[in-house]
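Coordinates as given in target_4.cif (mmCIF, C-alpha atoms):
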```cif
data_upload
#
loop_
_atom_site.label_atom_id
_atom_site.label_comp_id
_atom_site.auth_asym_id
_atom_site.auth_seq_id
_atom_site.Cartn_x
_atom_site.Cartn_y
_atom_site.Cartn_z
CA MET Z 1 -58.10 228.79 -350.12
CA VAL Z 2 -56.88 225.92 -352.32
CA SER Z 3 -57.07 228.15 -355.38
CA ALA Z 4 -55.14 230.90 -353.60
CA ARG Z 5 -52.40 228.43 -352.65
CA ALA Z 6 -52.22 227.13 -356.21
CA GLU Z 7 -51.88 230.69 -357.51
CA ALA Z 8 -49.14 231.38 -354.96
CA LEU Z 9 -47.25 228.27 -356.12
CA GLU Z 10 -47.47 229.27 -359.78
CA SER Z 11 -46.37 232.80 -358.89
CA TRP Z 12 -43.33 231.42 -357.06
CA LEU Z 13 -42.44 229.18 -360.01
CA ALA Z 14 -42.80 232.03 -362.49
CA GLU Z 15 -40.29 234.02 -360.48
CA HIS Z 16 -37.88 231.25 -359.51
CA THR Z 17 -37.75 228.63 -362.29
CA GLY Z 18 -34.43 230.15 -363.38
CA ASP Z 19 -33.17 229.70 -359.82
CA LEU Z 20 -34.08 226.01 -359.94
CA VAL Z 21 -31.90 225.59 -363.01
CA GLN Z 22 -28.98 227.46 -361.41
CA TRP Z 23 -29.22 225.45 -358.18
CA ARG Z 24 -29.29 222.18 -360.10
CA ARG Z 25 -26.27 223.19 -362.19
CA HIS Z 26 -24.31 224.27 -359.11
CA ILE Z 27 -24.99 220.95 -357.38
CA HIS Z 28 -24.25 219.05 -360.60
CA ALA Z 29 -20.88 220.75 -361.05
CA ASN Z 30 -19.90 220.07 -357.42
CA PRO Z 31 -20.86 216.44 -356.70
CA GLU Z 32 -19.95 214.75 -353.44
CA LEU Z 33 -19.83 211.05 -352.66
CA SER Z 34 -21.92 209.32 -350.00
CA ARG Z 35 -21.35 210.59 -346.46
CA THR Z 36 -19.05 213.38 -347.69
CA GLU Z 37 -21.83 215.73 -348.84
CA PHE Z 38 -20.68 218.58 -346.58
CA ALA Z 39 -20.73 221.40 -349.14
CA THR Z 40 -24.05 220.21 -350.59
CA THR Z 41 -25.55 220.17 -347.09
CA GLU Z 42 -24.24 223.67 -346.42
CA PHE Z 43 -25.65 224.90 -349.73
CA ILE Z 44 -29.13 223.55 -348.92
CA ALA Z 45 -29.03 224.83 -345.35
CA SER Z 46 -28.04 228.33 -346.45
CA TRP Z 47 -31.06 228.68 -348.74
CA LEU Z 48 -33.45 227.27 -346.15
CA THR Z 49 -32.07 229.64 -343.52
CA LYS Z 50 -32.47 232.62 -345.87
CA ALA Z 51 -36.14 231.65 -346.19
CA GLY Z 52 -36.55 231.90 -342.42
CA LEU Z 53 -36.51 228.15 -341.82
CA THR Z 54 -34.48 226.22 -339.24
CA PRO Z 55 -32.67 223.27 -340.83
CA GLN Z 56 -31.10 220.64 -338.57
CA VAL Z 57 -27.98 218.93 -339.89
CA LEU Z 58 -27.99 215.18 -339.21
CA PRO Z 59 -25.55 213.67 -336.68
CA GLY Z 60 -23.09 212.51 -339.35
CA GLY Z 61 -22.56 216.08 -340.53
CA THR Z 62 -24.18 215.55 -343.93
CA GLY Z 63 -27.84 215.70 -344.84
CA LEU Z 64 -30.49 217.58 -342.90
CA ILE Z 65 -34.13 217.76 -341.92
CA CYS Z 66 -36.34 220.82 -341.72
CA ASP Z 67 -39.94 221.32 -340.62
CA ILE Z 68 -42.42 223.70 -342.26
CA GLY Z 69 -45.99 224.61 -341.45
CA PRO Z 70 -48.24 223.75 -338.51
CA GLY Z 71 -46.78 222.15 -335.42
CA LEU Z 72 -47.76 218.84 -333.91
CA GLU Z 73 -50.90 220.37 -332.39
CA ALA Z 74 -52.33 220.19 -335.93
CA GLY Z 75 -51.54 216.48 -336.24
CA PRO Z 76 -48.81 214.30 -337.77
CA ARG Z 77 -46.64 215.60 -340.59
CA ILE Z 78 -46.10 214.59 -344.18
CA ALA Z 79 -42.43 213.94 -345.04
CA LEU Z 80 -40.84 214.71 -348.42
CA ARG Z 81 -37.46 213.15 -349.14
CA ALA Z 82 -34.62 213.80 -351.60
CA ASP Z 83 -31.22 212.09 -351.80
CA ILE Z 84 -28.16 214.33 -352.17
CA ASP Z 85 -25.13 212.12 -352.91
CA ALA Z 86 -23.33 211.47 -356.20
CA LEU Z 87 -21.76 208.40 -357.81
CA PRO Z 88 -18.08 207.39 -358.17
CA LEU Z 89 -18.35 207.76 -361.95
CA GLN Z 90 -16.50 209.99 -364.42
CA GLU Z 91 -18.84 212.26 -366.37
CA PHE Z 92 -18.70 212.41 -370.18
CA THR Z 93 -21.62 214.70 -371.01
CA GLY Z 94 -19.62 217.68 -372.27
CA LEU Z 95 -22.00 220.02 -370.46
CA GLY Z 96 -20.83 223.51 -369.59
CA PHE Z 97 -21.68 222.73 -365.96
CA ALA Z 98 -20.26 219.19 -365.94
CA SER Z 99 -18.70 217.77 -362.80
CA THR Z 100 -15.55 219.54 -361.67
CA VAL Z 101 -14.62 216.60 -359.44
CA PRO Z 102 -12.62 213.85 -361.21
CA GLY Z 103 -14.30 210.48 -361.02
CA VAL Z 104 -17.46 211.76 -359.33
CA SER Z 105 -20.76 212.76 -360.98
CA HIS Z 106 -24.50 213.13 -360.50
CA ALA Z 107 -25.37 210.34 -362.91
CA CYS Z 108 -28.54 209.30 -361.08
CA GLY Z 109 -30.39 212.61 -360.95
CA HIS Z 110 -29.85 213.35 -357.27
CA ASP Z 111 -28.92 216.91 -358.21
CA ALA Z 112 -32.45 217.25 -359.59
CA HIS Z 113 -34.03 215.53 -356.57
CA THR Z 114 -32.25 217.93 -354.23
CA THR Z 115 -33.15 220.97 -356.30
CA ILE Z 116 -36.82 219.98 -356.50
CA LEU Z 117 -37.13 219.50 -352.74
CA LEU Z 118 -35.29 222.77 -352.09
CA GLY Z 119 -37.63 224.57 -354.47
CA THR Z 120 -40.64 222.91 -352.84
CA ALA Z 121 -39.40 224.04 -349.43
CA LEU Z 122 -38.98 227.66 -350.47
CA ALA Z 123 -42.31 227.73 -352.30
CA LEU Z 124 -44.16 226.33 -349.29
CA ALA Z 125 -42.28 228.57 -346.86
CA GLN Z 126 -43.80 231.70 -348.39
CA MET Z 127 -47.36 230.40 -347.88
CA PRO Z 128 -48.73 231.51 -344.49
CA ASP Z 129 -51.30 228.76 -343.88
CA LEU Z 130 -50.24 225.28 -344.94
CA PRO Z 131 -52.93 222.65 -344.40
CA VAL Z 132 -50.51 220.15 -342.88
CA GLY Z 133 -47.06 220.13 -341.32
CA VAL Z 134 -44.18 219.09 -343.59
CA ARG Z 135 -40.81 217.52 -342.79
CA LEU Z 136 -38.16 217.92 -345.45
CA ILE Z 137 -35.56 215.15 -345.53
CA PHE Z 138 -32.38 215.82 -347.50
CA GLN Z 139 -30.79 212.39 -347.19
CA PRO Z 140 -27.13 211.48 -347.61
CA ALA Z 141 -25.65 208.20 -348.82
CA GLU Z 142 -28.42 206.65 -350.90
CA GLU Z 143 -25.89 205.15 -353.30
CA VAL Z 144 -24.20 202.87 -350.73
CA MET Z 145 -25.87 199.80 -349.29
CA PRO Z 146 -27.74 199.39 -347.06
CA GLY Z 147 -28.34 203.12 -347.50
CA GLY Z 148 -28.18 206.36 -345.56
CA ALA Z 149 -31.93 206.20 -344.93
CA ILE Z 150 -31.18 203.84 -342.04
CA ASP Z 151 -29.11 206.56 -340.36
CA VAL Z 152 -31.82 209.16 -341.00
CA VAL Z 153 -34.45 206.96 -339.38
CA ALA Z 154 -32.12 206.24 -336.44
CA ALA Z 155 -31.70 210.00 -335.96
CA GLY Z 156 -35.45 210.29 -335.35
CA ALA Z 157 -36.45 211.89 -338.64
CA MET Z 158 -39.64 209.83 -338.86
CA ALA Z 159 -40.94 210.81 -335.43
CA ASP Z 160 -44.42 212.35 -335.74
CA VAL Z 161 -44.46 211.63 -339.51
CA GLU Z 162 -47.53 209.85 -340.87
CA ARG Z 163 -46.64 209.51 -344.56
CA VAL Z 164 -43.54 209.96 -346.69
CA PHE Z 165 -43.14 210.75 -350.40
CA ALA Z 166 -40.30 210.97 -352.92
CA LEU Z 167 -39.65 211.46 -356.62
CA HIS Z 168 -37.00 209.69 -358.70
CA CYS Z 169 -35.82 210.70 -362.16
CA ASP Z 170 -36.87 208.36 -364.96
CA PRO Z 171 -35.09 208.84 -368.33
CA ARG Z 172 -37.63 206.57 -370.03
CA LEU Z 173 -40.51 208.97 -369.32
CA ALA Z 174 -40.88 212.23 -371.23
CA VAL Z 175 -40.66 215.47 -369.29
CA GLY Z 176 -44.10 216.46 -368.07
CA LYS Z 177 -45.00 212.85 -367.26
CA VAL Z 178 -44.90 211.35 -363.78
CA GLY Z 179 -45.29 207.59 -363.33
CA ILE Z 180 -46.86 205.88 -360.34
CA ARG Z 181 -48.07 202.42 -359.34
CA VAL Z 182 -49.65 200.78 -356.31
CA GLY Z 183 -47.44 198.08 -354.78
CA ALA Z 184 -43.76 197.40 -355.40
CA ILE Z 185 -42.09 200.01 -357.61
CA THR Z 186 -38.48 198.90 -356.95
CA SER Z 187 -36.88 195.63 -355.88
CA ALA Z 188 -34.93 194.34 -352.93
CA ALA Z 189 -31.26 194.06 -353.84
CA ASP Z 190 -28.86 191.77 -351.95
CA THR Z 191 -25.24 190.88 -352.66
CA VAL Z 192 -23.87 187.34 -352.70
CA GLU Z 193 -20.11 186.78 -352.35
CA LEU Z 194 -18.75 183.25 -352.41
CA VAL Z 195 -15.07 182.63 -351.59
CA LEU Z 196 -13.84 179.10 -352.35
CA ASP Z 197 -10.61 177.23 -351.63
CA SER Z 198 -9.20 173.75 -352.24
CA PRO Z 199 -5.78 172.05 -352.15
CA GLY Z 200 -5.33 172.65 -355.87
CA GLY Z 201 -3.47 170.28 -358.16
CA HIS Z 202 -2.61 169.26 -361.70
CA THR Z 203 -5.39 169.12 -364.28
CA SER Z 204 -4.19 165.62 -365.27
CA ARG Z 205 -5.11 164.33 -361.79
CA PRO Z 206 -8.44 165.96 -360.74
CA HIS Z 207 -9.34 162.82 -358.78
CA LEU Z 208 -6.53 163.56 -356.30
CA THR Z 209 -7.84 166.98 -355.28
CA SER Z 210 -11.02 169.03 -355.15
CA ASP Z 211 -11.74 170.61 -358.51
CA LEU Z 212 -12.43 174.24 -357.59
CA VAL Z 213 -13.31 175.43 -361.11
CA TYR Z 214 -15.82 172.62 -361.54
CA ALA Z 215 -17.33 173.61 -358.18
CA ILE Z 216 -17.59 177.24 -359.26
CA GLY Z 217 -19.32 176.18 -362.45
CA SER Z 218 -21.83 174.16 -360.46
CA VAL Z 219 -22.75 177.20 -358.40
CA ILE Z 220 -22.78 179.61 -361.36
CA THR Z 221 -25.53 177.64 -363.08
CA GLY Z 222 -27.05 175.81 -360.15
CA LEU Z 223 -27.86 178.63 -357.75
CA PRO Z 224 -29.84 180.84 -360.19
CA GLY Z 225 -31.50 177.76 -361.68
CA LEU Z 226 -32.64 176.27 -358.39
CA LEU Z 227 -33.82 179.63 -357.06
CA SER Z 228 -36.00 179.97 -360.15
CA ARG Z 229 -37.58 176.58 -359.35
CA ARG Z 230 -38.20 177.25 -355.67
CA ILE Z 231 -39.55 180.81 -355.78
CA ASP Z 232 -42.81 181.93 -357.38
CA PRO Z 233 -41.86 183.60 -360.69
CA ARG Z 234 -44.55 186.24 -360.10
CA THR Z 235 -42.31 187.75 -357.39
CA SER Z 236 -39.85 188.95 -360.09
CA THR Z 237 -36.92 187.30 -358.29
CA VAL Z 238 -33.68 187.07 -360.26
CA MET Z 239 -30.12 185.99 -359.41
CA VAL Z 240 -27.30 187.21 -361.67
CA TRP Z 241 -23.54 186.81 -361.26
CA GLY Z 242 -21.44 189.90 -361.95
CA ALA Z 243 -17.87 188.68 -361.38
CA VAL Z 244 -15.95 185.39 -361.26
CA SER Z 245 -12.26 184.74 -360.75
CA ALA Z 246 -10.15 181.61 -360.35
CA GLY Z 247 -6.75 180.45 -361.56
CA LYS Z 248 -4.37 181.53 -364.31
CA ALA Z 249 -2.70 178.45 -365.78
CA PRO Z 250 -4.59 176.07 -368.10
CA ASN Z 251 -2.97 172.98 -366.55
CA ALA Z 252 -3.34 173.85 -362.86
CA ILE Z 253 -6.44 173.42 -360.71
CA PRO Z 254 -6.48 176.64 -358.68
CA GLN Z 255 -6.55 176.81 -354.91
CA THR Z 256 -8.81 179.85 -354.58
CA GLY Z 257 -11.69 181.43 -356.43
CA MET Z 258 -14.47 183.95 -355.94
CA LEU Z 259 -17.99 184.59 -357.22
CA THR Z 260 -20.00 187.76 -356.65
CA GLY Z 261 -23.47 188.65 -357.81
CA THR Z 262 -26.84 190.07 -356.83
CA VAL Z 263 -30.20 188.58 -356.02
CA ARG Z 264 -33.24 190.80 -356.41
CA THR Z 265 -36.93 190.44 -355.71
CA GLY Z 266 -40.01 192.61 -355.93
CA ASP Z 267 -41.76 190.77 -353.11
CA HIS Z 268 -41.18 191.75 -349.49
CA ALA Z 269 -42.06 188.33 -348.06
CA THR Z 270 -39.71 186.59 -350.51
CA TRP Z 271 -36.90 188.95 -349.51
CA ALA Z 272 -37.00 187.51 -345.98
CA LEU Z 273 -36.61 183.97 -347.36
CA LEU Z 274 -33.73 184.56 -349.75
CA GLU Z 275 -30.68 184.39 -347.49
CA PRO Z 276 -31.47 181.03 -345.83
CA MET Z 277 -32.52 179.60 -349.18
CA VAL Z 278 -29.30 180.71 -350.90
CA ARG Z 279 -27.23 179.21 -348.07
CA GLU Z 280 -29.09 175.90 -348.28
CA ILE Z 281 -28.68 175.64 -352.05
CA VAL Z 282 -24.97 176.55 -352.04
CA GLU Z 283 -24.31 173.93 -349.35
CA GLY Z 284 -26.11 171.30 -351.42
CA LEU Z 285 -24.22 172.19 -354.58
CA LEU Z 286 -20.74 172.26 -353.03
CA ALA Z 287 -20.94 169.36 -350.56
CA PRO Z 288 -20.21 166.66 -353.20
CA THR Z 289 -17.22 168.57 -354.57
CA GLY Z 290 -15.16 168.70 -351.37
CA VAL Z 291 -14.36 172.36 -351.94
CA ARG Z 292 -14.35 174.57 -348.87
CA TYR Z 293 -16.17 177.88 -349.03
CA GLN Z 294 -17.24 180.99 -347.20
CA LEU Z 295 -20.57 182.57 -348.17
CA ASN Z 296 -20.97 186.27 -347.43
CA TYR Z 297 -24.59 187.27 -347.94
CA ARG Z 298 -25.20 190.99 -347.56
CA ARG Z 299 -28.77 192.13 -347.35
CA GLY Z 300 -29.33 195.41 -349.14
CA VAL Z 301 -32.63 197.24 -349.13
CA PRO Z 302 -36.25 196.03 -349.12
CA PRO Z 303 -38.44 196.78 -352.13
CA VAL Z 304 -40.20 200.15 -352.21
CA VAL Z 305 -43.87 199.22 -351.84
CA ASN Z 306 -46.32 202.09 -352.45
CA ASP Z 307 -49.44 201.86 -350.32
CA GLU Z 308 -52.74 202.58 -352.06
CA HIS Z 309 -53.80 205.72 -350.16
CA SER Z 310 -50.41 207.42 -350.56
CA THR Z 311 -50.41 206.51 -354.25
CA ARG Z 312 -53.81 208.15 -354.69
CA MET Z 313 -52.48 211.28 -352.97
CA PHE Z 314 -49.60 211.27 -355.45
CA GLU Z 315 -51.98 210.80 -358.35
CA ASP Z 316 -54.08 213.80 -357.30
CA ALA Z 317 -50.93 215.92 -357.07
CA ILE Z 318 -49.68 214.74 -360.47
CA LYS Z 319 -52.98 215.61 -362.14
CA THR Z 320 -52.48 219.25 -361.12
CA VAL Z 321 -49.57 219.39 -363.60
CA GLY Z 322 -51.90 218.70 -366.52
CA PRO Z 323 -54.47 216.22 -367.85
CA GLN Z 324 -51.79 214.08 -369.55
CA ALA Z 325 -49.20 214.14 -366.75
CA LEU Z 326 -50.18 210.93 -364.97
CA ALA Z 327 -48.52 207.79 -366.33
CA ASP Z 328 -48.17 204.16 -365.35
CA THR Z 329 -44.73 202.82 -364.57
CA PRO Z 330 -43.41 199.25 -364.39
CA GLN Z 331 -41.64 197.83 -361.38
CA SER Z 332 -37.90 198.40 -361.52
CA GLY Z 333 -35.31 195.75 -360.74
CA GLY Z 334 -33.15 198.39 -359.08
CA GLY Z 335 -32.92 198.97 -355.33
CA GLU Z 336 -33.75 202.21 -353.49
CA ASP Z 337 -33.21 202.90 -349.79
CA PHE Z 338 -36.41 204.98 -349.64
CA SER Z 339 -37.83 201.59 -348.70
CA TRP Z 340 -36.43 201.95 -345.17
CA TYR Z 341 -38.79 204.86 -344.52
CA LEU Z 342 -41.69 202.67 -345.63
CA GLU Z 343 -40.70 200.15 -342.96
CA GLN Z 344 -41.74 202.91 -340.52
CA VAL Z 345 -44.75 204.60 -342.15
CA PRO Z 346 -46.78 204.25 -345.35
CA GLY Z 347 -45.80 206.30 -348.36
CA ALA Z 348 -45.04 206.27 -352.06
CA MET Z 349 -42.39 207.03 -354.65
CA ALA Z 350 -43.15 208.28 -358.16
CA ARG Z 351 -41.09 208.37 -361.37
CA LEU Z 352 -40.38 211.86 -362.72
CA GLY Z 353 -40.03 212.04 -366.49
CA VAL Z 354 -36.76 213.73 -367.50
CA TRP Z 355 -36.41 212.72 -371.18
CA SER Z 356 -36.66 215.64 -373.58
CA GLY Z 357 -38.62 213.57 -376.09
CA GLU Z 358 -35.82 213.80 -378.65
CA GLY Z 359 -32.70 211.74 -379.13
CA ASP Z 360 -31.48 208.81 -377.04
CA GLN Z 361 -32.94 207.95 -373.65
CA LEU Z 362 -29.77 208.17 -371.59
CA ASP Z 363 -29.91 205.65 -368.76
CA LEU Z 364 -29.19 206.26 -365.09
CA HIS Z 365 -25.74 205.39 -363.71
CA GLN Z 366 -24.13 206.08 -367.07
CA PRO Z 367 -21.39 208.70 -367.64
CA THR Z 368 -23.48 210.38 -370.35
CA PHE Z 369 -26.67 210.75 -368.30
CA ASP Z 370 -28.39 214.13 -368.44
CA LEU Z 371 -31.93 215.40 -367.92
CA ASP Z 372 -34.35 217.96 -369.31
CA GLU Z 373 -34.36 220.78 -366.77
CA ARG Z 374 -38.03 221.54 -367.45
CA ALA Z 375 -38.66 218.56 -365.17
CA LEU Z 376 -37.52 220.62 -362.15
CA ALA Z 377 -40.65 222.80 -362.13
CA VAL Z 378 -42.81 219.72 -362.71
CA GLY Z 379 -41.29 218.10 -359.63
CA VAL Z 380 -41.88 221.19 -357.48
CA ARG Z 381 -45.52 221.31 -358.57
CA VAL Z 382 -46.07 217.66 -357.72
CA LEU Z 383 -44.42 217.68 -354.29
CA SER Z 384 -45.98 221.01 -353.34
CA ASN Z 385 -49.44 219.82 -354.31
CA ILE Z 386 -49.16 216.70 -352.21
CA VAL Z 387 -49.07 219.16 -349.31
CA LEU Z 388 -51.44 221.84 -350.62
CA GLY Z 389 -54.10 219.37 -351.68
CA GLN Z 390 -54.36 217.64 -348.31
CA GLY Z 391 -56.05 219.18 -345.31
CA ASN Z 392 -55.59 215.92 -343.44
CA PRO Z 393 -53.21 213.11 -344.52
CA THR Z 394 -55.19 210.53 -342.59
CA PRO Z 395 -57.61 208.48 -344.73
CA ALA Z 396 -61.26 208.84 -343.79
#
```

Could the structure of this file be written out as structure tokens, please?
Amino acid sequence: MVSARAEALESWLAEHTGDLVQWRRHIHANPELSRTEFATTEFIASWLTKAGLTPQVLPGGTGLICDIGPGLEAGPRIALRADIDALPLQEFTGLGFASTVPGVSHACGHDAHTTILLGTALALAQMPDLPVGVRLIFQPAEEVMPGGAIDVVAAGAMADVERVFALHCDPRLAVGKVGIRVGAITSAADTVELVLDSPGGHTSRPHLTSDLVYAIGSVITGLPGLLSRRIDPRTSTVMVWGAVSAGKAPNAIPQTGMLTGTVRTGDHATWALLEPMVREIVEGLLAPTGVRYQLNYRRGVPPVVNDEHSTRMFEDAIKTVGPQALADTPQSGGGEDFSWYLEQVPGAMARLGVWSGEGDQLDLHQPTFDLDERALAVGVRVLSNIVLGQGNPTPA
């Protein structure tokens, strides 16, 4: 039976690999920002409906879920997730199918993620006897914190789901390779915004006011430094400022200023400690200066932490691609809202190689990002074989 399913998958890919490329190029040329993915949702739903499936659009009007295979009488389902939104970034690839929407592009590979899950859905739909039920999750709004996954979970998408899996494009892995690791594969990502104000004054008389620029400098160096002394360095925790503003004149102490940055960690327990620790340190640094402040700490997403059993399931599926397909992957400092699903059930995310093996490795979130479209069929094989290789997703 397993061999017959594998043959059916390869037969589907032989017939439809060209379709995968066309779907990806259509989605790439017509990107939509987070929570406005109406046309993308309609495109996905139309293909699922043609295959005899019954997609359910999520309450916000973008994104959808769709069940395939045995019902709940056969046990809990496996969920497969893809994100469908684009970035507010102008594309400069020069591709013939480049974005037609000014200032918006699929520079993170979500067009590929969506295409791969759509292909997986249609390949599985033509198999009469799947060994386990499958829930497809086409998720909106991954690119905005704290992420559209929260809305998907709130809509009940994880009900009766036992495990969840996802792929993410990796331009540092060659096409044909898929990277996996047990434990944290991404990091928690929070935003720190500090707004400061003081009476201001003349730079010749700093003793008569509160020196706001000096206070900012104390926090710029002090907060990252003290965090590095109070948190175990093995948690891969890092605080980096991204923007600072205060004053215009060289001889005037400004009245207002602002600092914004991110704090990231690969450790779930540390993530829970960061906000109170940041508040304590900022208070200690600014109290002697007399500068007033408002600290806005915005929690982003937890780290994606792959559980061991789900990772082994992924590994088995990756090995079906070829003997050299399985690769290790380091933990990323980036955030991914797939982590919200893992707050509900165990699961795993893997890195899909999309580098052609020639030329520059074009990074994600860059206006020149592109991918080798041979990776689309690789992704369909991997996700499909997570399902086809498992008669029961529950560990013995």

Checklist entry - Exactly which residues make up the result of the PyMOL selection byres ((chain Z and resi 288) around 12) on this file, given as a VMD selection string? => result chain Z and resid 210 to 212 214 to 215 218 282 to 287 289 to 292

Exercise. Once you count only C-alpha atoms, which residues end up no further than 12 Å from (-21.1, 220.8, -348.5) in the file's frame, shown as a PyMOL selection string?
Worked result: chain Z and resi 26-27+30-46+57+61-64+84-85+140

Taken to one decimal, the atom CA of Z:Pro330-atom CA of Z:Val345 distance is 22.9 Å

- Item | Nearby residues (only C-alpha atoms) at most 6 Å from Z:Ala29, same-chain spacing under 4 positions excluded, as a VMD selection string | chain Z and resid 97 to 100

Have a look at Z:Thr368, Z:Gln139, Z:Ser187, Z:Ser384 and name the one nearest to Z:Leu95; count all atoms listed in the file.
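Ranking Z:Thr368, Z:Gln139, Z:Ser187, Z:Ser384 by distance to Z:Leu95, first place goes to Z:Thr368.
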
Residues within 7 Å of stretch 239-241 of chain Z, please, as a PDB file with C-alpha atoms, keeping the file's coordinate frame. Count all atoms listed in the file; anything in the same chain fewer than 3 positions from it doesn't count.
```
ATOM      1  CA  PRO Z 224     -29.840 180.840-360.190  1.00  0.00           C
ATOM      2  CA  THR Z 260     -20.000 187.760-356.650  1.00  0.00           C
ATOM      3  CA  GLY Z 261     -23.470 188.650-357.810  1.00  0.00           C
ATOM      4  CA  THR Z 262     -26.840 190.070-356.830  1.00  0.00           C
ATOM      5  CA  VAL Z 263     -30.200 188.580-356.020  1.00  0.00           C
ATOM      6  CA  ARG Z 264     -33.240 190.800-356.410  1.00  0.00           C
TER       7      ARG Z 264
END
```

> Interatomic distance between atom CA of Z:Gly133 and atom CA of Z:Leu72?
Replying inline: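 Answer for the atom CA of Z:Gly133 to atom CA of Z:Leu72 separation: 7.6 Å.
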
Taking the point (-51.1, 216.2, -357.1) as given in the file, collect each protein or nucleic acid residue that comes within 8 Å of it, counting all atoms listed in the file, and present the set as a ChimeraX atom specification.
/Z:313-321,381-386,389

From the list Z:Ala174, Z:Pro254, Z:Ile220, Z:Ala184, the nearest residue to Z:Gly201 using all atoms listed in the file is Z:Pro254

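Comparing the minimum interatomic distances between Z:Thr203 and each of Z:Gly322, Z:Gly94, Z:Gly179, Z:Pro250, counting only C-alpha atoms, we find that Z:Pro250 sits nearest.
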
Practice item. Run through the PyMOL selection byres ((chain Z and resi 128) around 12) on the given coordinates and return the selected residues as a VMD selection string. Key: chain Z and resid 1 4 to 5 8 68 to 70 123 to 127 129 to 133 388

Just need stretch 299-304 of chain Z in a file, please: all heavy atoms, as a short mmCIF file (atom, residue, chain, number, x, y, z; two decimals), in the first residue's frame.
```cif
data_model
loop_
_atom_site.label_atom_id
_atom_site.label_comp_id
_atom_site.auth_asym_id
_atom_site.auth_seq_id
_atom_site.Cartn_x
_atom_site.Cartn_y
_atom_site.Cartn_z
N ARG Z 299 5.51 41.97 23.23
CA ARG Z 299 5.90 40.58 23.03
C ARG Z 299 5.51 40.15 21.62
O ARG Z 299 4.42 40.46 21.13
CB ARG Z 299 5.23 39.66 24.05
CG ARG Z 299 5.65 39.92 25.48
CD ARG Z 299 5.13 38.84 26.39
NE ARG Z 299 6.06 37.71 26.47
CZ ARG Z 299 5.72 36.50 26.89
NH1 ARG Z 299 4.47 36.25 27.22
NH2 ARG Z 299 6.62 35.53 26.95
N GLY Z 300 6.41 39.45 20.97
CA GLY Z 300 6.15 39.00 19.61
C GLY Z 300 5.68 37.56 19.58
O GLY Z 300 4.56 37.24 19.95
N VAL Z 301 6.56 36.67 19.17
CA VAL Z 301 6.22 35.26 19.06
C VAL Z 301 7.19 34.44 19.89
O VAL Z 301 8.34 34.84 20.09
CB VAL Z 301 6.27 34.78 17.59
CG1 VAL Z 301 5.21 35.49 16.77
CG2 VAL Z 301 7.65 35.02 16.98
N PRO Z 302 6.75 33.28 20.40
CA PRO Z 302 7.70 32.38 21.07
C PRO Z 302 8.65 31.77 20.04
O PRO Z 302 8.43 31.86 18.83
CB PRO Z 302 6.78 31.29 21.66
CG PRO Z 302 5.37 31.74 21.45
CD PRO Z 302 5.39 32.73 20.34
N PRO Z 303 9.70 31.10 20.50
CA PRO Z 303 10.54 30.35 19.57
C PRO Z 303 9.79 29.13 19.05
O PRO Z 303 8.93 28.58 19.73
CB PRO Z 303 11.75 29.94 20.42
CG PRO Z 303 11.26 29.96 21.83
CD PRO Z 303 10.20 31.02 21.89
N VAL Z 304 10.10 28.74 17.81
CA VAL Z 304 9.60 27.47 17.27
C VAL Z 304 10.48 26.37 17.83
O VAL Z 304 11.68 26.33 17.56
CB VAL Z 304 9.63 27.46 15.74
CG1 VAL Z 304 9.29 26.07 15.21
CG2 VAL Z 304 8.66 28.49 15.18
#
```
